[in-house]
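Trainee: Right, I'll just put the structure down here and ask away after.
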Amino acid sequence: MIDFSRGYSRRKFLAHTSCFGAFHAVAKLIPLSALAAELASDSRVSATPLVDKGFASVRKIGEGLYATISDPSKGNTTLCNGGFIAGKDSALLIEGFTTAGGASFQMEALRMVSQVPVKGALDTHYHFDHSMGNAFYGANGIPLWAHATTAKRIVENYSPLQGADKDAVLGSFEKQVKDAKSETERQHAQSDLNAVTGLYQIANASILALPNHPLDPAKLPVTIDLGGLSAVIESHPGHSGTDMIVRVPQQNVVYTGDLLFNGWYPVCFDEKATVSGWRATLARFAAYDKDTIFVPGHGQICGQEGIASIREVFDDIAAQAEKLFKAGVPVSEAQHRYVVPDKFKSFPIFAWGFTIGPAIAKLYAEWGTK
Ligand SMILES: [Zn+2]
């Protein structure tokens with residue numbers, strides 16, 4: 001394994017990857033909430049993290065099970081959550097994170113507790129914050145697992161940004177800020193511009209690395225034997241069309257990827273995202289054991305209360321959208337009319353046009369408007 005843990009290369013690397021200015025502006029507004037009291041007292045969950053670097057910490061959540069939890073307000077090295085599962089014979093890493101430094105951080109955490117060979121690293125889906133650090137795995141000969149279409153989606157969505165003219169990429173988003181019809185629409189458009197600027201910077205600072213171990217959803221679920229510990233990989237609809245989860249049924253632990261945003265507004269922009277499919281997936285999660293621990297794609301680890309909460313958010317978006325739909329409000333306007341209720345005021349909104357706006361547009365499409 002290449003050792004990034006000492007010497008000049010790591011310092012230089014981290015200096016380089018920590019300067020996504022626009023992205024930092026988005027992420028610094030997203031602090032990580034504290035671990036819920038119920039989980040803090042759960043005997044499976046370690047009271048203190050194995051390691052805490054600010055931008056992310058790694059915590060034991062079961063026998064051989066660890067969760068990597070990001071705090072975006074403290075840096076962009078990882079941004080999403082992940083984790084690893086270490087059996088007696090081999091280990092499975094979850095997520096490629098936003099930077100190779102993030103994947104390296106998680107690998108180092110694994111090596112603090114286990115020296116077993118790594119069977120694979122799984123991207124739960126293709127999105128940049130889960131895949132742009134994949135090059136670390138490539139450089140270390142670790143097989144990279146993902147949904148069969150993840151490699152294609154990474155290439156289609158992120159290659160065109162590399163070397164692209166910045167004005168060409170951002171022009172339409174800047175125009176939406178200028179042309180906004182109200183202060184609300186202007187703020188929404190500005191949040192979208194900030195997010196896309198950050199994505200442009202990250203794509204141009206990254207070496208894209210593609211999964212070489214495609215998982216055909218038609219052949220799932222599949223059970224992976226790690227030696228005394230079995231992980232089940234499943235595919236479910238909702239967030240990106242490439243979503244995978246990892247379950248450890250023996251211990252009631254689920255790594256959900258972005259099918260769960262805990263205490264956030266869900267990111268629904270993806271062309272393959274489906275609101276009805278996602279809500280059906282969440283109903284399935286709600287039927288899991290009442291003692292299930294969920295490691296969400298973003299936000300703090302949680303129990304069933306986290307599933308109940310995101311279902312309530314979807315219910316609220318759908319209820320408000322339905323009123324607008326029935327009143328004949330056009331979709332372009334309805335996307336900006338949603339009002340965040342008091343109980344969700346603390347929920348981060350990554351960018352309006354990546355979360356609430358497209359959720360409303362997709363609901364309208366499902367209800368059958370032009
Ligand atoms: Zn995602």
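Every chain in the structure tokens takes a letter, A first, then B, and so on in the order presented; its residues are numbered from 1, and the ligands are numbered from 1 following the presented order.
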Name the residues, by chain letter and number, that sit within 9 Å of ligand 1 using only C-alpha atoms and all ligand atoms, and give them as a ChimeraX atom specification.
Mentor: /A:80,124-130,239-240,243,257-259,267-268,270,297-298
Trainee: Can you list, as JSON, numbers by chain, every protein, DNA or RNA residue that comes within 10 Å of Met244 of chain A when you count only C-alpha atoms, leaving out same-chain residues fewer than 3 positions away?
Mentor: {"A": [122, 123, 124, 125, 146, 147, 215, 217, 220, 221, 233, 234, 235, 236, 237, 240, 241, 247, 255, 256, 257, 258, 259]}
Trainee: Out of segment 179-290 of chain A, which residues get strand (DSSP E) from DSSP, as a ChimeraX atom specification?
Mentor: /A:213-215,222-225,230-235,244-248,253-261
Trainee: Those residues with N, CA, C and O atoms, as an mmCIF file, in the first residue's frame please?
Mentor:
```
data_model
loop_
_atom_site.group_PDB
_atom_site.id
_atom_site.type_symbol
_atom_site.label_atom_id
_atom_site.label_comp_id
_atom_site.auth_asym_id
_atom_site.auth_seq_id
_atom_site.Cartn_x
_atom_site.Cartn_y
_atom_site.Cartn_z
ATOM 1 N N HIS A 213 -15.423 -3.869 -10.647
ATOM 2 C CA HIS A 213 -16.134 -5.057 -10.167
ATOM 3 C C HIS A 213 -17.623 -4.715 -10.174
ATOM 4 O O HIS A 213 -18.212 -4.418 -9.139
ATOM 5 N N PRO A 214 -18.224 -4.677 -11.402
ATOM 6 C CA PRO A 214 -19.632 -4.259 -11.484
ATOM 7 C C PRO A 214 -20.566 -5.284 -10.861
ATOM 8 O O PRO A 214 -20.372 -6.486 -11.024
ATOM 9 N N LEU A 215 -21.568 -4.786 -10.143
ATOM 10 C CA LEU A 215 -22.575 -5.655 -9.522
ATOM 11 C C LEU A 215 -23.882 -5.471 -10.285
ATOM 12 O O LEU A 215 -24.452 -4.375 -10.310
ATOM 13 N N VAL A 222 -26.588 -10.196 -2.848
ATOM 14 C CA VAL A 222 -25.498 -11.157 -2.771
ATOM 15 C C VAL A 222 -24.916 -11.100 -1.356
ATOM 16 O O VAL A 222 -24.841 -10.029 -0.757
ATOM 17 N N THR A 223 -24.584 -12.275 -0.833
ATOM 18 C CA THR A 223 -24.014 -12.330 0.517
ATOM 19 C C THR A 223 -22.502 -12.501 0.415
ATOM 20 O O THR A 223 -22.023 -13.382 -0.302
ATOM 21 N N ILE A 224 -21.787 -11.635 1.109
ATOM 22 C CA ILE A 224 -20.323 -11.659 1.084
ATOM 23 C C ILE A 224 -19.837 -12.219 2.418
ATOM 24 O O ILE A 224 -20.119 -11.639 3.471
ATOM 25 N N ASP A 225 -19.103 -13.326 2.359
ATOM 26 C CA ASP A 225 -18.582 -13.952 3.574
ATOM 27 C C ASP A 225 -17.188 -13.390 3.860
ATOM 28 O O ASP A 225 -16.261 -13.572 3.077
ATOM 29 N N SER A 230 -21.083 -11.875 7.812
ATOM 30 C CA SER A 230 -21.642 -11.848 6.457
ATOM 31 C C SER A 230 -22.277 -10.498 6.169
ATOM 32 O O SER A 230 -23.057 -9.991 6.986
ATOM 33 N N ALA A 231 -21.943 -9.940 5.021
ATOM 34 C CA ALA A 231 -22.536 -8.672 4.580
ATOM 35 C C ALA A 231 -23.392 -8.960 3.358
ATOM 36 O O ALA A 231 -22.998 -9.724 2.484
ATOM 37 N N VAL A 232 -24.565 -8.364 3.319
ATOM 38 C CA VAL A 232 -25.473 -8.551 2.191
ATOM 39 C C VAL A 232 -25.548 -7.249 1.406
ATOM 40 O O VAL A 232 -25.819 -6.189 1.982
ATOM 41 N N ILE A 233 -25.286 -7.330 0.110
ATOM 42 C CA ILE A 233 -25.378 -6.136 -0.747
ATOM 43 C C ILE A 233 -26.688 -6.202 -1.518
ATOM 44 O O ILE A 233 -27.014 -7.211 -2.133
ATOM 45 N N GLU A 234 -27.438 -5.104 -1.445
ATOM 46 C CA GLU A 234 -28.743 -5.028 -2.114
ATOM 47 C C GLU A 234 -28.808 -3.755 -2.954
ATOM 48 O O GLU A 234 -28.088 -2.793 -2.690
ATOM 49 N N SER A 235 -29.706 -3.749 -3.908
ATOM 50 C CA SER A 235 -29.943 -2.565 -4.742
ATOM 51 C C SER A 235 -31.385 -2.107 -4.530
ATOM 52 O O SER A 235 -32.292 -2.943 -4.494
ATOM 53 N N MET A 244 -26.823 1.266 -3.833
ATOM 54 C CA MET A 244 -26.573 -0.006 -3.158
ATOM 55 C C MET A 244 -26.586 0.219 -1.656
ATOM 56 O O MET A 244 -26.122 1.264 -1.184
ATOM 57 N N ILE A 245 -27.066 -0.784 -0.922
ATOM 58 C CA ILE A 245 -26.902 -0.741 0.529
ATOM 59 C C ILE A 245 -26.142 -1.988 0.973
ATOM 60 O O ILE A 245 -26.097 -2.981 0.245
ATOM 61 N N VAL A 246 -25.537 -1.891 2.141
ATOM 62 C CA VAL A 246 -24.857 -3.048 2.729
ATOM 63 C C VAL A 246 -25.517 -3.329 4.069
ATOM 64 O O VAL A 246 -25.569 -2.453 4.938
ATOM 65 N N ARG A 247 -26.042 -4.544 4.213
ATOM 66 C CA ARG A 247 -26.708 -4.935 5.468
ATOM 67 C C ARG A 247 -25.891 -6.000 6.187
ATOM 68 O O ARG A 247 -25.284 -6.858 5.537
ATOM 69 N N VAL A 248 -25.891 -5.905 7.493
ATOM 70 C CA VAL A 248 -25.322 -6.986 8.306
ATOM 71 C C VAL A 248 -26.471 -7.469 9.200
ATOM 72 O O VAL A 248 -26.628 -7.007 10.334
ATOM 73 N N VAL A 253 -27.431 -3.990 11.417
ATOM 74 C CA VAL A 253 -26.759 -2.757 10.991
ATOM 75 C C VAL A 253 -26.900 -2.628 9.477
ATOM 76 O O VAL A 253 -26.786 -3.615 8.748
ATOM 77 N N VAL A 254 -27.204 -1.410 9.019
ATOM 78 C CA VAL A 254 -27.368 -1.146 7.585
ATOM 79 C C VAL A 254 -26.586 0.111 7.199
ATOM 80 O O VAL A 254 -26.734 1.161 7.834
ATOM 81 N N TYR A 255 -25.742 -0.012 6.163
ATOM 82 C CA TYR A 255 -25.077 1.146 5.554
ATOM 83 C C TYR A 255 -25.933 1.509 4.346
ATOM 84 O O TYR A 255 -26.005 0.735 3.383
ATOM 85 N N THR A 256 -26.606 2.646 4.395
ATOM 86 C CA THR A 256 -27.645 2.936 3.396
ATOM 87 C C THR A 256 -27.168 3.731 2.189
ATOM 88 O O THR A 256 -27.932 3.890 1.239
ATOM 89 N N GLY A 257 -25.917 4.270 2.204
ATOM 90 C CA GLY A 257 -25.586 5.253 1.181
ATOM 91 C C GLY A 257 -26.595 6.383 1.241
ATOM 92 O O GLY A 257 -27.223 6.623 2.287
ATOM 93 N N ASP A 258 -26.812 7.064 0.122
ATOM 94 C CA ASP A 258 -27.666 8.254 0.138
ATOM 95 C C ASP A 258 -29.161 7.937 0.073
ATOM 96 O O ASP A 258 -29.977 8.846 -0.096
ATOM 97 N N LEU A 259 -29.540 6.672 0.217
ATOM 98 C CA LEU A 259 -30.969 6.383 0.356
ATOM 99 C C LEU A 259 -31.475 6.883 1.699
ATOM 100 O O LEU A 259 -32.675 6.968 1.929
ATOM 101 N N LEU A 260 -30.535 7.248 2.591
ATOM 102 C CA LEU A 260 -30.934 7.936 3.822
ATOM 103 C C LEU A 260 -30.053 9.166 4.030
ATOM 104 O O LEU A 260 -28.833 9.062 4.096
ATOM 105 N N PHE A 261 -30.702 10.326 4.079
ATOM 106 C CA PHE A 261 -30.089 11.556 4.588
ATOM 107 C C PHE A 261 -30.699 11.735 5.966
ATOM 108 O O PHE A 261 -31.913 11.915 6.077
#
```
Trainee: Determine, for each residue of segment 197-259 of chain A having at least one atom at most 7 Å from an atom of segment 81-87 of chain A, the closest pair of atoms and their separation in Å to one decimal, counting only C-alpha atoms; order by chain and ascending number, as CSV.
Mentor:
```
residue,atom,partner,partner_atom,distance
A:Leu226,CA,A:Gly87,CA,4.7
A:Gly227,CA,A:Gly87,CA,4.9
A:Gly228,CA,A:Gly87,CA,6.0
A:Leu229,CA,A:Gly87,CA,5.3
```
Trainee: At a cut-off of 9 Å, using only C-alpha atoms, what residues contact segment 45-53 of chain A? Leave out same-chain residues fewer than 6 positions from it and give the result as a list in words.
Mentor: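 Final neighbour list, sorted by chain and number: Leu39, Arg59, Lys60, Ile61, Gly62, Tyr66, Lys74, Phe105, Ala109, Met112 and Val113 of chain A.
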Trainee: Between atom CA of Asp291 of chain A and atom CA of Pro341 of chain A, what is the spacing in Å?
Mentor: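 Computed distance, atom CA of Pro341 of chain A to atom CA of Asp291 of chain A, equals 28.8 Å.
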Trainee: So which one's closest to Ala319 of chain A, A:Phe350, A:Tyr338, A:Phe55, A:Tyr288? Using only C-alpha atoms, please.
Mentor: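 Among the listed residues, the smallest separation from Ala319 of chain A belongs to A:Tyr338.
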Trainee: Report, in Å to a single decimal, how far apart atom CA of Val313 of chain A and atom CA of Trp367 of chain A are.
Mentor: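 It comes out at 18.8 Å.
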Trainee: Taking only C-alpha atoms into account, which of A:Gln115, A:Thr78, A:Gln201, A:Asn212 comes nearest Thr150 of chain A?
Mentor: A:Asn212
Trainee: Name the closest residue to Thr197 of chain A among the candidates A:Ala168, A:Leu282, A:Ala365, A:Ala180; distances are taken between atoms, counting only C-alpha atoms.
Mentor: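 Between A:Ala168, A:Leu282, A:Ala365, A:Ala180, the residue approaching Thr197 of chain A most closely is A:Ala168.
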Trainee: What's around Lys323 of chain A at 12 Å? Count only C-alpha atoms, leave out sequence neighbours fewer than 5 positions away in its own chain, and write the answer as a JSON list (two decimals) with N, CA, C and O atoms, in the first residue's frame.
Mentor:
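The result, stored in out_35.json:
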```json
[["chain", "number", "residue", "atom", "x", "y", "z"],
["A", 316, "ASP", "N", -44.15, 15.87, 3.79],
["A", 316, "ASP", "CA", -44.41, 17.31, 3.81],
["A", 316, "ASP", "C", -44.21, 17.93, 2.43],
["A", 316, "ASP", "O", -45.02, 18.75, 1.99],
["A", 317, "ILE", "N", -43.12, 17.54, 1.75],
["A", 317, "ILE", "CA", -42.89, 18.07, 0.40],
["A", 317, "ILE", "C", -44.06, 17.67, -0.50],
["A", 317, "ILE", "O", -44.60, 18.49, -1.25],
["A", 318, "ALA", "N", -44.48, 16.41, -0.40],
["A", 318, "ALA", "CA", -45.57, 15.92, -1.26],
["A", 318, "ALA", "C", -46.88, 16.64, -0.94],
["A", 318, "ALA", "O", -47.64, 16.99, -1.85],
["A", 328, "GLY", "N", -53.34, 24.48, -9.61],
["A", 328, "GLY", "CA", -52.93, 24.83, -10.97],
["A", 328, "GLY", "C", -51.66, 25.67, -11.07],
["A", 328, "GLY", "O", -51.40, 26.29, -12.10],
["A", 329, "VAL", "N", -50.88, 25.71, -10.00],
["A", 329, "VAL", "CA", -49.61, 26.47, -10.04],
["A", 329, "VAL", "C", -48.63, 25.73, -10.95],
["A", 329, "VAL", "O", -48.40, 24.54, -10.77],
["A", 330, "PRO", "N", -48.06, 26.43, -11.96],
["A", 330, "PRO", "CA", -47.13, 25.75, -12.86],
["A", 330, "PRO", "C", -45.88, 25.24, -12.11],
["A", 330, "PRO", "O", -45.47, 25.83, -11.11],
["A", 331, "VAL", "N", -45.31, 24.15, -12.61],
["A", 331, "VAL", "CA", -44.21, 23.50, -11.91],
["A", 331, "VAL", "C", -43.02, 24.44, -11.71],
["A", 331, "VAL", "O", -42.36, 24.42, -10.66],
["A", 334, "ALA", "N", -44.00, 26.34, -8.73],
["A", 334, "ALA", "CA", -44.21, 25.49, -7.55],
["A", 334, "ALA", "C", -42.89, 25.07, -6.92],
["A", 334, "ALA", "O", -42.78, 24.96, -5.69],
["A", 337, "ARG", "N", -42.02, 27.46, -4.26],
["A", 337, "ARG", "CA", -43.05, 27.87, -3.30],
["A", 337, "ARG", "C", -43.07, 27.07, -2.01],
["A", 337, "ARG", "O", -43.79, 27.40, -1.08],
["A", 338, "TYR", "N", -42.32, 25.98, -1.95],
["A", 338, "TYR", "CA", -42.29, 25.16, -0.74],
["A", 338, "TYR", "C", -41.77, 25.99, 0.44],
["A", 338, "TYR", "O", -40.80, 26.73, 0.31],
["A", 360, "ILE", "N", -40.18, 18.38, -6.07],
["A", 360, "ILE", "CA", -41.50, 18.87, -6.49],
["A", 360, "ILE", "C", -41.73, 18.60, -7.98],
["A", 360, "ILE", "O", -42.79, 18.14, -8.39],
["A", 363, "LEU", "N", -42.53, 14.98, -8.48],
["A", 363, "LEU", "CA", -43.89, 14.67, -8.04],
["A", 363, "LEU", "C", -44.90, 15.13, -9.09],
["A", 363, "LEU", "O", -45.82, 14.40, -9.45],
["A", 364, "TYR", "N", -44.71, 16.36, -9.58],
["A", 364, "TYR", "CA", -45.60, 16.86, -10.64],
["A", 364, "TYR", "C", -45.60, 15.89, -11.83],
["A", 364, "TYR", "O", -46.65, 15.58, -12.39]]
```
Trainee: Can you tell me how far atom CA of Gly102 of chain A sits from atom CA of Ile154 of chain A, in Å to one decimal?
Mentor: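 If I compute the distance from atom CA of Gly102 of chain A to atom CA of Ile154 of chain A, I get 18.1 Å.
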Trainee: Set the distance at 7 Å and use only C-alpha atoms: which residues neighbour Leu79 of chain A once local chain neighbours fewer than 2 positions away are removed? I'd like the list as a VMD selection string.
Mentor: chain A and resid 70 to 72 76 to 77 81 97 to 98 129
Trainee: Need the shell around Asp179 of chain A: protein/DNA/RNA residues with any atom at most 12 Å away, counting only C-alpha atoms. Skip same-chain ones fewer than 5 positions apart. Format as a list in words?
Mentor: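 The filter keeps Ser172, Phe173, Glu174, Glu185, Arg186, Gln187, His188, Ala189 and Gln190 of chain A.
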Trainee: For the selection just defined, write its residues with N, CA, C and O atoms to a file, as a compact mmCIF listing (two decimals), in the first residue's frame.
Mentor:
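Contents of again.txt, as written:
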```
# COMPACT_ATOMS: atom_id res chain seq x y z
N SER A 172 -25.18 29.09 -17.33
CA SER A 172 -26.63 29.00 -17.19
C SER A 172 -27.06 29.18 -15.73
O SER A 172 -28.14 29.70 -15.45
N PHE A 173 -26.18 28.76 -14.79
CA PHE A 173 -26.52 28.93 -13.37
C PHE A 173 -26.39 30.40 -12.95
O PHE A 173 -27.18 30.92 -12.17
N GLU A 174 -25.36 31.09 -13.53
CA GLU A 174 -25.21 32.53 -13.25
C GLU A 174 -26.39 33.31 -13.81
O GLU A 174 -26.89 34.25 -13.20
N GLU A 185 -36.30 33.27 -5.23
CA GLU A 185 -35.74 32.56 -6.39
C GLU A 185 -34.25 32.86 -6.55
O GLU A 185 -33.48 31.99 -6.95
N ARG A 186 -33.85 34.10 -6.23
CA ARG A 186 -32.44 34.46 -6.36
C ARG A 186 -31.59 33.65 -5.37
O ARG A 186 -30.54 33.13 -5.72
N GLN A 187 -32.09 33.53 -4.15
CA GLN A 187 -31.35 32.74 -3.15
C GLN A 187 -31.25 31.27 -3.55
O GLN A 187 -30.21 30.64 -3.38
N HIS A 188 -32.35 30.75 -4.08
CA HIS A 188 -32.32 29.36 -4.54
C HIS A 188 -31.28 29.18 -5.65
O HIS A 188 -30.50 28.24 -5.64
N ALA A 189 -31.31 30.11 -6.61
CA ALA A 189 -30.39 30.02 -7.75
C ALA A 189 -28.93 30.17 -7.29
O ALA A 189 -28.03 29.51 -7.80
N GLN A 190 -28.71 31.05 -6.30
CA GLN A 190 -27.35 31.24 -5.78
C GLN A 190 -26.85 29.96 -5.12
O GLN A 190 -25.68 29.58 -5.26
```
Trainee: Hey, what's within 10 Å of Glu366 of chain A if we count only C-alpha atoms and toss same-chain stuff fewer than 5 positions away? As a list in words, please?
Mentor: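 Near Glu366 of chain A, the qualifying residues are Thr274, Val275, Ser276, Ile360 and Ala361 of chain A.
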